[in-house]
>>> print(open('my_file08.tsv').read())   # TSV, C-alpha atoms
chain	number	residue	atom	x	y	z
A	76	SER	CA	15.04	17.28	24.96
A	77	LEU	CA	12.50	14.48	25.26
A	78	PRO	CA	8.82	15.24	24.70
A	79	SER	CA	6.66	15.27	27.78
A	80	GLU	CA	4.69	12.19	28.69
A	81	ASN	CA	1.43	13.96	27.93
A	82	ALA	CA	2.69	14.89	24.48
A	83	MET	CA	3.83	11.36	23.71
A	84	TRP	CA	0.71	9.58	24.89
A	85	PRO	CA	-1.65	10.75	22.12
A	86	ARG	CA	1.00	9.97	19.48
A	87	TRP	CA	1.40	6.36	20.62
A	88	VAL	CA	-2.32	5.88	21.02
A	89	SER	CA	-2.77	7.13	17.45
A	90	LEU	CA	0.09	4.99	16.21
A	91	SER	CA	-1.34	1.86	17.83
A	92	LEU	CA	-4.76	2.48	16.31
A	93	TYR	CA	-3.33	3.20	12.86
A	94	LEU	CA	-1.15	0.08	12.96
A	95	ALA	CA	-4.14	-2.01	13.99
A	96	GLY	CA	-6.20	-0.48	11.19
A	97	TRP	CA	-3.43	-1.01	8.64
A	98	TYR	CA	-2.75	-4.66	9.49
A	99	SER	CA	-6.33	-5.75	10.10
A	100	GLY	CA	-7.67	-3.82	7.12
A	101	ASN	CA	-5.04	-5.29	4.81
A	102	SER	CA	-5.74	-8.82	6.03
A	103	VAL	CA	-9.52	-8.41	5.77
A	104	PHE	CA	-9.18	-7.02	2.25
A	105	ASN	CA	-7.06	-9.95	1.10
A	106	LEU	CA	-9.38	-12.56	2.64
A	107	VAL	CA	-12.77	-11.08	1.71
A	108	ASN	CA	-11.61	-10.07	-1.76
A	109	LYS	CA	-10.59	-13.71	-2.33
A	110	GLN	CA	-14.07	-14.85	-1.31
A	111	ALA	CA	-15.76	-12.27	-3.55
A	112	MET	CA	-13.65	-13.12	-6.58
A	113	SER	CA	-14.21	-16.85	-6.07
A	114	GLU	CA	-17.92	-16.42	-6.86
A	115	PHE	CA	-17.76	-13.32	-9.09
A	116	ALA	CA	-14.65	-13.35	-11.30
A	117	TYR	CA	-14.91	-9.86	-12.78
A	118	PRO	CA	-11.82	-8.00	-11.54
A	119	TRP	CA	-12.50	-4.67	-13.25
A	120	MET	CA	-15.97	-4.46	-11.73
A	121	VAL	CA	-14.98	-5.71	-8.28
A	122	SER	CA	-11.95	-3.42	-8.01
A	123	TRP	CA	-13.99	-0.41	-9.17
A	124	LEU	CA	-16.81	-1.06	-6.70
A	125	GLN	CA	-14.27	-1.43	-3.90
A	126	LEU	CA	-12.95	2.05	-4.67
A	127	VAL	CA	-16.52	3.37	-4.92
A	128	ALA	CA	-17.07	2.10	-1.37
A	129	GLY	CA	-14.06	4.13	-0.23
A	130	VAL	CA	-15.38	7.27	-1.95
A	131	ALA	CA	-18.79	6.75	-0.34
A	132	TRP	CA	-17.06	6.77	3.03
A	133	LEU	CA	-14.74	9.76	2.58
A	134	VAL	CA	-16.93	12.29	0.72
A	135	PRO	CA	-19.45	12.69	3.59
A	136	LEU	CA	-16.52	13.44	5.90
A	137	TRP	CA	-15.63	16.43	3.74
A	138	VAL	CA	-19.24	17.54	3.23
A	139	LEU	CA	-20.10	17.40	6.94
A	140	GLY	CA	-16.87	19.12	7.95
A	141	LEU	CA	-15.61	16.10	9.89
A	142	ARG	CA	-12.37	16.26	7.91
A	143	GLU	CA	-10.54	19.32	6.66
A	144	ARG	CA	-11.16	19.73	2.94
A	145	PRO	CA	-8.11	20.07	0.71
A	146	VAL	CA	-7.63	23.34	-1.18
A	147	VAL	CA	-7.65	22.02	-4.73
A	148	SER	CA	-9.18	22.65	-8.13
A	149	PRO	CA	-10.15	20.13	-10.83
A	150	GLY	CA	-7.16	21.25	-12.90
A	151	PHE	CA	-4.75	20.76	-10.00
A	152	VAL	CA	-6.16	17.33	-9.14
A	153	GLY	CA	-6.01	16.18	-12.75
A	154	LYS	CA	-2.43	17.38	-13.19
A	155	LYS	CA	-0.99	16.12	-9.91
A	156	PHE	CA	-3.14	13.08	-9.13
A	157	GLY	CA	-4.25	11.95	-12.60
A	158	PRO	CA	-1.01	10.17	-13.62
A	159	ILE	CA	-0.60	8.61	-10.18
A	160	ALA	CA	-4.24	7.48	-10.18
A	161	LEU	CA	-3.81	5.75	-13.54
A	162	LEU	CA	-1.02	3.63	-12.08
A	163	HIS	CA	-2.77	3.11	-8.74
A	164	ALA	CA	-6.00	1.99	-10.42
A	165	THR	CA	-4.11	-0.46	-12.63
A	166	GLY	CA	-2.22	-1.85	-9.64
A	167	HIS	CA	-5.40	-2.30	-7.64
A	168	ALA	CA	-7.22	-4.08	-10.45
A	169	ALA	CA	-4.21	-6.36	-11.00
A	170	GLN	CA	-3.99	-7.35	-7.33
A	171	VAL	CA	-7.72	-8.04	-7.22
A	172	ALA	CA	-7.36	-10.31	-10.25
A	173	ALA	CA	-4.31	-12.00	-8.71
A	174	LEU	CA	-6.16	-12.79	-5.49
A	175	GLY	CA	-9.07	-14.17	-7.49
A	176	LYS	CA	-6.93	-16.56	-9.54
A	177	GLY	CA	-4.48	-17.77	-6.90
A	178	SER	CA	-3.92	-18.24	-3.20
A	179	VAL	CA	-3.62	-15.28	-0.83
A	180	PHE	CA	-0.36	-16.71	0.49
A	181	MET	CA	1.28	-16.98	-2.94
A	182	VAL	CA	0.19	-13.49	-3.97
A	183	ALA	CA	1.70	-12.13	-0.74
A	184	VAL	CA	4.95	-13.97	-1.48
A	185	VAL	CA	5.15	-12.45	-4.97
A	186	LYS	CA	4.37	-8.98	-3.62
A	187	ALA	CA	7.30	-9.40	-1.24
A	188	SER	CA	9.39	-8.73	-4.35
A	189	GLU	CA	8.48	-5.05	-3.95
A	190	PRO	CA	12.03	-4.07	-2.88
A	191	ILE	CA	13.49	-5.67	-6.02
A	192	VAL	CA	10.95	-3.99	-8.26
A	193	GLY	CA	11.37	-0.69	-6.44
A	194	THR	CA	15.14	-0.80	-6.88
A	195	VAL	CA	14.85	-1.45	-10.62
A	196	VAL	CA	12.12	1.17	-11.14
A	197	GLY	CA	14.12	3.68	-9.09
A	198	PHE	CA	17.23	3.11	-11.21
A	199	LEU	CA	15.32	3.38	-14.49
A	200	GLY	CA	13.44	6.46	-13.32
A	201	THR	CA	16.19	8.40	-11.59
A	202	GLY	CA	19.46	6.74	-12.61
A	203	GLN	CA	20.40	6.34	-8.95
A	204	ILE	CA	22.17	3.13	-7.97
A	205	ALA	CA	21.27	1.62	-4.62
A	206	SER	CA	23.94	1.07	-1.99
A	207	ARG	CA	25.87	-2.20	-1.74
A	208	MET	CA	23.98	-3.23	1.41
A	209	THR	CA	20.64	-2.54	-0.27
A	210	ASN	CA	21.57	-4.61	-3.32
A	211	LEU	CA	22.87	-7.47	-1.16
A	212	SER	CA	19.59	-7.55	0.75
A	213	LEU	CA	17.79	-8.40	-2.50
A	214	LEU	CA	19.47	-11.81	-2.66
A	215	PRO	CA	17.51	-13.46	0.20
A	216	ILE	CA	14.30	-12.01	-1.26
A	217	VAL	CA	14.98	-13.64	-4.64
A	218	VAL	CA	16.00	-16.96	-3.08
A	219	GLY	CA	13.12	-16.95	-0.59
A	220	ILE	CA	10.48	-16.24	-3.23
A	221	THR	CA	11.93	-18.96	-5.48
A	222	ILE	CA	11.85	-21.51	-2.66
A	223	ALA	CA	8.32	-20.56	-1.61
A	224	ALA	CA	7.10	-20.85	-5.21
A	225	SER	CA	8.58	-24.29	-5.84
A	226	LYS	CA	6.37	-27.37	-6.05
A	227	PRO	CA	6.76	-29.89	-3.18
A	228	GLY	CA	9.17	-32.70	-4.06
A	229	ALA	CA	10.38	-31.02	-7.24
A	230	ARG	CA	13.63	-29.36	-8.11
A	231	LEU	CA	13.87	-25.61	-7.58
A	232	SER	CA	11.69	-24.62	-10.56
A	233	ALA	CA	9.62	-21.76	-9.14
A	234	SER	CA	6.72	-23.06	-11.23
A	235	ASP	CA	4.12	-21.10	-9.23
A	236	LEU	CA	5.70	-17.85	-10.45
A	237	ALA	CA	4.56	-18.57	-14.03
A	238	THR	CA	0.83	-18.67	-13.17
A	239	ALA	CA	-1.66	-15.96	-14.16
A	240	SER	CA	-2.10	-15.08	-10.48
A	241	SER	CA	1.62	-14.55	-9.89
A	242	LEU	CA	2.03	-12.53	-13.08
A	243	ALA	CA	-0.91	-10.29	-12.12
A	244	ALA	CA	0.60	-9.83	-8.64
A	245	LEU	CA	3.91	-8.87	-10.26
A	246	VAL	CA	2.19	-6.35	-12.56
A	247	SER	CA	0.49	-4.87	-9.50
A	248	THR	CA	3.82	-4.59	-7.68
A	249	VAL	CA	5.51	-2.91	-10.66
A	250	VAL	CA	2.84	-0.27	-11.27
A	251	PHE	CA	2.52	0.49	-7.54
A	252	ALA	CA	6.29	1.08	-7.44
A	253	MET	CA	5.99	3.40	-10.44
A	254	ALA	CA	3.14	5.27	-8.73
A	255	LYS	CA	5.23	5.70	-5.60
A	256	LEU	CA	8.14	7.14	-7.59
A	257	LEU	CA	5.84	9.49	-9.51
A	258	ALA	CA	4.14	10.65	-6.30
A	259	LYS	CA	7.49	11.70	-4.84
A	260	ARG	CA	8.10	13.87	-7.89
A	261	LEU	CA	4.67	15.48	-8.14
A	262	MET	CA	3.65	15.89	-4.48
A	263	THR	CA	6.25	18.09	-2.80
A	264	PRO	CA	6.06	18.96	0.93
A	265	GLU	CA	5.23	22.56	0.04
A	266	ILE	CA	2.28	21.52	-2.11
A	267	LYS	CA	0.97	19.26	0.63
A	268	ARG	CA	1.22	22.07	3.20
A	269	THR	CA	-0.32	24.90	1.16
A	270	ARG	CA	-3.07	22.69	-0.29
A	271	LYS	CA	-3.90	21.03	3.05
A	272	ILE	CA	-3.09	17.61	1.68
A	273	GLY	CA	-2.03	15.60	4.70
A	274	ALA	CA	-1.73	11.83	4.77
A	275	ALA	CA	-5.50	11.24	4.94
A	276	ASN	CA	-6.43	13.73	2.22
A	277	ASN	CA	-3.58	12.54	0.04
A	278	TYR	CA	-4.99	9.03	-0.15
A	279	ALA	CA	-8.58	10.32	-0.30
A	280	LEU	CA	-7.88	12.37	-3.43
A	281	LEU	CA	-5.98	9.48	-4.96
A	282	THR	CA	-8.95	7.18	-4.33
A	283	CYS	CA	-11.38	9.60	-5.98
A	284	CYS	CA	-9.21	9.89	-9.09
A	285	SER	CA	-8.56	6.13	-9.24
A	286	THR	CA	-12.31	5.49	-9.05
A	287	LEU	CA	-12.85	7.65	-12.13
A	288	VAL	CA	-10.06	5.82	-13.97
A	289	LEU	CA	-11.51	2.37	-13.25
A	290	ALA	CA	-15.06	3.35	-14.20
A	291	ALA	CA	-14.42	2.95	-17.93
A	292	PRO	CA	-13.02	-0.62	-17.96
A	293	ALA	CA	-15.50	-1.72	-15.30
A	294	LEU	CA	-18.52	-0.48	-17.22
A	295	LEU	CA	-17.30	-1.20	-20.75
A	296	ILE	CA	-15.47	-4.51	-20.26
A	297	ASP	CA	-17.05	-6.27	-17.28
A	298	ALA	CA	-20.53	-4.78	-16.89
A	299	PRO	CA	-22.23	-6.50	-19.88
A	300	ARG	CA	-21.33	-9.92	-18.45
A	301	ALA	CA	-21.13	-9.07	-14.77
A	302	LEU	CA	-24.69	-7.79	-14.35
A	303	PRO	CA	-26.38	-11.00	-15.64
A	304	ALA	CA	-23.94	-13.06	-13.56
A	305	PHE	CA	-24.82	-11.04	-10.46
A	306	ARG	CA	-28.56	-11.57	-10.99
A	307	ALA	CA	-27.99	-15.30	-11.42
A	308	LEU	CA	-26.29	-15.69	-8.03
A	309	ASP	CA	-28.08	-17.61	-5.30
A	310	GLN	CA	-27.07	-15.03	-2.70
A	311	PRO	CA	-26.34	-11.72	-4.44
A	312	SER	CA	-26.59	-9.83	-1.13
A	313	ARG	CA	-23.69	-11.90	0.23
A	314	LEU	CA	-21.50	-10.86	-2.70
A	315	ALA	CA	-22.53	-7.22	-2.34
A	316	THR	CA	-21.60	-7.34	1.34
A	317	ARG	CA	-18.22	-8.88	0.57
A	318	ILE	CA	-17.42	-6.23	-2.03
A	319	LEU	CA	-18.49	-3.47	0.37
A	320	VAL	CA	-16.48	-4.90	3.27
A	321	SER	CA	-13.37	-5.50	1.17
A	322	GLY	CA	-13.64	-1.99	-0.30
A	323	LEU	CA	-13.92	-0.30	3.08
A	324	ALA	CA	-11.12	-2.50	4.46
A	325	TYR	CA	-8.89	-1.58	1.50
A	326	TYR	CA	-9.53	2.13	1.98
A	327	ALA	CA	-9.03	1.97	5.75
A	328	SER	CA	-5.84	-0.06	5.39
A	329	ASN	CA	-4.25	2.35	2.94
A	330	GLU	CA	-5.27	5.49	4.79
A	331	CYS	CA	-3.96	4.06	8.05
A	332	SER	CA	-0.69	3.11	6.33
A	333	PHE	CA	-0.28	6.70	5.09
A	334	GLN	CA	-0.80	7.91	8.67
A	335	VAL	CA	1.65	5.36	10.10
A	336	LEU	CA	4.39	6.37	7.68
A	337	ASP	CA	3.87	10.00	8.74
A	338	LEU	CA	4.30	9.09	12.42
A	339	LEU	CA	7.26	6.70	12.20
A	340	GLY	CA	10.91	7.16	11.44
A	341	PRO	CA	12.65	5.21	8.66
A	342	VAL	CA	13.73	2.25	10.81
A	343	GLU	CA	10.32	1.86	12.41
A	344	GLN	CA	8.70	2.05	8.97
A	345	ALA	CA	10.91	-0.82	7.82
A	346	VAL	CA	9.81	-3.05	10.68
A	347	ALA	CA	6.15	-2.11	10.22
A	348	ASN	CA	6.19	-2.93	6.50
A	349	ALA	CA	7.78	-6.33	7.06
A	350	ALA	CA	5.38	-7.17	9.89
A	351	LYS	CA	2.37	-6.40	7.69
A	352	ARG	CA	3.15	-9.36	5.42
A	353	VAL	CA	3.34	-11.72	8.39
A	354	PHE	CA	-0.25	-10.83	9.26
A	355	VAL	CA	-1.40	-11.62	5.71
A	356	PHE	CA	0.41	-14.99	5.74
A	357	ALA	CA	-1.13	-15.89	9.09
A	358	ALA	CA	-4.63	-14.80	8.01
A	359	ALA	CA	-4.44	-16.95	4.86
A	360	VAL	CA	-3.70	-20.03	6.96
A	361	LEU	CA	-6.11	-19.34	9.83
A	362	PHE	CA	-9.18	-18.15	7.93
A	363	LEU	CA	-8.88	-19.62	4.44
A	364	GLY	CA	-7.26	-22.91	5.43
A	365	GLU	CA	-4.52	-22.56	2.82
A	366	HIS	CA	-2.06	-25.44	3.10
A	367	LEU	CA	1.56	-24.46	3.66
A	368	THR	CA	4.49	-26.84	3.41
A	369	PRO	CA	7.65	-26.38	5.49
A	370	THR	CA	9.42	-25.38	2.28
A	371	LYS	CA	6.96	-22.59	1.59
A	372	LEU	CA	7.20	-21.37	5.17
A	373	ALA	CA	11.00	-21.38	5.04
A	374	GLY	CA	11.03	-19.56	1.70
A	375	SER	CA	8.57	-16.91	2.83
A	376	ALA	CA	10.50	-16.38	6.09
A	377	LEU	CA	13.72	-15.89	4.13
A	378	ALA	CA	12.02	-13.45	1.77
A	379	LEU	CA	10.56	-11.49	4.71
A	380	ALA	CA	13.99	-11.31	6.32
A	381	GLY	CA	15.33	-9.89	3.07
A	382	VAL	CA	12.50	-7.33	2.95
A	383	LEU	CA	13.37	-6.20	6.47
A	384	CYS	CA	17.09	-5.96	5.67
A	385	TYR	CA	16.30	-4.01	2.52
A	386	SER	CA	14.10	-1.54	4.38
A	387	LEU	CA	16.68	-1.08	7.14
A	388	SER	CA	19.44	-0.48	4.59
A	389	LYS	CA	17.29	2.17	2.90
A	390	ALA	CA	16.72	3.79	6.28
A	391	ARG	CA	20.45	4.27	6.87
A	392	PRO	CA	21.68	7.81	6.12
A	393	PRO	CA	24.02	8.05	3.12
A	394	PRO	CA	27.72	8.21	4.00
A	395	LYS	CA	29.12	11.70	4.31
A	396	ALA	CA	31.65	12.82	1.78
A	397	ASP	CA	35.16	13.36	3.13
>>> encode(input="my_file08.tsv", output="structure tokens")
Amino acid sequence: SLPSENAMWPRWVSLSLYLAGWYSGNSVFNLVNKQAMSEFAYPWMVSWLQLVAGVAWLVPLWVLGLRERPVVSPGFVGKKFGPIALLHATGHAAQVAALGKGSVFMVAVVKASEPIVGTVVGFLGTGQIASRMTNLSLLPIVVGITIAASKPGARLSASDLATASSLAALVSTVVFAMAKLLAKRLMTPEIKRTRKIGAANNYALLTCCSTLVLAAPALLIDAPRALPAFRALDQPSRLATRILVSGLAYYASNECSFQVLDLLGPVEQAVANAAKRVFVFAAAVLFLGEHLTPTKLAGSALALAGVLCYSLSKARPPPKAD
């Protein structure tokens, strides 16, 4: 039977708000992070402070009782979240560095390779081979990314994929895929239920652990050079504001995405994930003035179509055995 109208209304209101938070937060993070890194190129420090901003937001919610506190111990958090946090922290630092060295548009194009990376990581980690339709959907992603990365007027060389920015974006995509696979193994539905780790608390705990992981490289590698560079800025308060805004946007975007994936079915998730990248592409053009050629637009559109097909193929139930 269909749910009543009153029961459906709060769900769709919540879904709309979470989608808006996910898309807008992700776009704001990409744009403001680019601005921050353009004047303060210390990725370990910037990525760590962004996570600190998220922790500064979520901890008072637990302390004041505005959010249900998870039932966890330091040993449990270290065992279950520690390995995932190591990968998540690395992925975040790599994407921050990628956005600092290259264009937002190109980083988004490279990160559209997530289905390809996820398929390879899944095979290496579990030995499972994706379906024929899933594997076929990878072809337009590969072709689209290659076209989008090619220099105007040149043969199909994909020269933009060999830059430091693209390589950092690829590293980010790989470690995020590994973190996702590890999270499925460590965080079972029973653990989430008994420990009160819903979508919001799941990402909150991951953020806390990732902040601890990034503290060491931020303070040991970047801090000796970053602090004098910060004092030498003409407008240090502007940079501090950008790091704070990008950090809060990053946290809000990821928490909202966790909530969205809890509310949507597999097919709807596929559409939502593909649509997110369109918002990032549009924001890069509208707010950063990044120049896009028709070739880059065509390549990115083809890659996005492949991402959507991939997600839809993964959403299909496996064929039943005769």
>>> atom_distance(input="my_file08.tsv", atom1="atom CA of Ile222 of chain A", atom2="atom CA of Ser247 of chain A")
21.3 Å
>>> closest_residue(input="my_file08.tsv", among="A:Ile220, A:Ala315, A:Leu379, A:Leu245", to="Gly166 of chain A", atoms="all atoms listed in the file")
A:Leu245
>>> axis_aligned_box(input="my_file08.tsv", around="segment 272-289 of chain A", padding_each_side="3 Å", output="lines of an AutoDock Vina configuration file")
center_x = -7.3
center_y = 10.0
center_z = -4.5
size_x = 17.1
size_y = 21.2
size_z = 24.9
>>> atom_distance(input="my_file08.tsv", atom1="atom CA of Cys284 of chain A", atom2="atom CA of Lys267 of chain A")
16.9 Å
>>> closest_residue(input="my_file08.tsv", among="A:Val147, A:Leu377, A:Leu94, A:Ala359", to="Ala223 of chain A", atoms="all atoms listed in the file")
A:Leu377
>>> atom_distance(input="my_file08.tsv", atom1="atom CA of Val246 of chain A", atom2="atom CA of Thr370 of chain A")
25.2 Å
>>> closest_residue(input="my_file08.tsv", among="A:Ser148, A:Gln110, A:Asn277, A:Thr248", to="Leu261 of chain A", atoms="all atoms listed in the file")
A:Asn277
>>> residues_around(input="my_file08.tsv", residues="Leu302 of chain A", least_positions_apart="3", cutoff="12 Å", atoms="all atoms listed in the file", output="list of chain:residue names")
A:Phe115, A:Ala116, A:Tyr117, A:Met120, A:Val121, A:Ala293, A:Leu294, A:Leu295, A:Ile296, A:Asp297, A:Ala298, A:Pro299, A:Phe305, A:Arg306, A:Ala307, A:Leu308, A:Pro311
>>> write_last_selection(input="my_file08.tsv", atoms="C-alpha atoms", output="JSON list (two decimals), keeping the file's coordinate frame")
[["chain", "number", "residue", "atom", "x", "y", "z"],
["A", 115, "PHE", "CA", -17.76, -13.32, -9.09],
["A", 116, "ALA", "CA", -14.65, -13.35, -11.30],
["A", 117, "TYR", "CA", -14.91, -9.86, -12.78],
["A", 120, "MET", "CA", -15.97, -4.46, -11.73],
["A", 121, "VAL", "CA", -14.98, -5.71, -8.28],
["A", 293, "ALA", "CA", -15.50, -1.72, -15.30],
["A", 294, "LEU", "CA", -18.52, -0.48, -17.22],
["A", 295, "LEU", "CA", -17.30, -1.20, -20.75],
["A", 296, "ILE", "CA", -15.47, -4.51, -20.26],
["A", 297, "ASP", "CA", -17.05, -6.27, -17.28],
["A", 298, "ALA", "CA", -20.53, -4.78, -16.89],
["A", 299, "PRO", "CA", -22.23, -6.50, -19.88],
["A", 305, "PHE", "CA", -24.82, -11.04, -10.46],
["A", 306, "ARG", "CA", -28.56, -11.57, -10.99],
["A", 307, "ALA", "CA", -27.99, -15.30, -11.42],
["A", 308, "LEU", "CA", -26.29, -15.69, -8.03],
["A", 311, "PRO", "CA", -26.34, -11.72, -4.44]]
>>> closest_residue(input="my_file08.tsv", among="A:Leu314, A:Val152, A:Leu242, A:Ala164", to="Ser113 of chain A", atoms="only C-alpha atoms")
A:Leu314
>>> residues_near_point(input="my_file08.tsv", point="(14.5, -6.7, -1.1)", cutoff="8 Å", atoms="only C-alpha atoms", output="VMD selection string")
chain A and resid 187 to 191 209 to 210 212 to 217 378 381 to 386
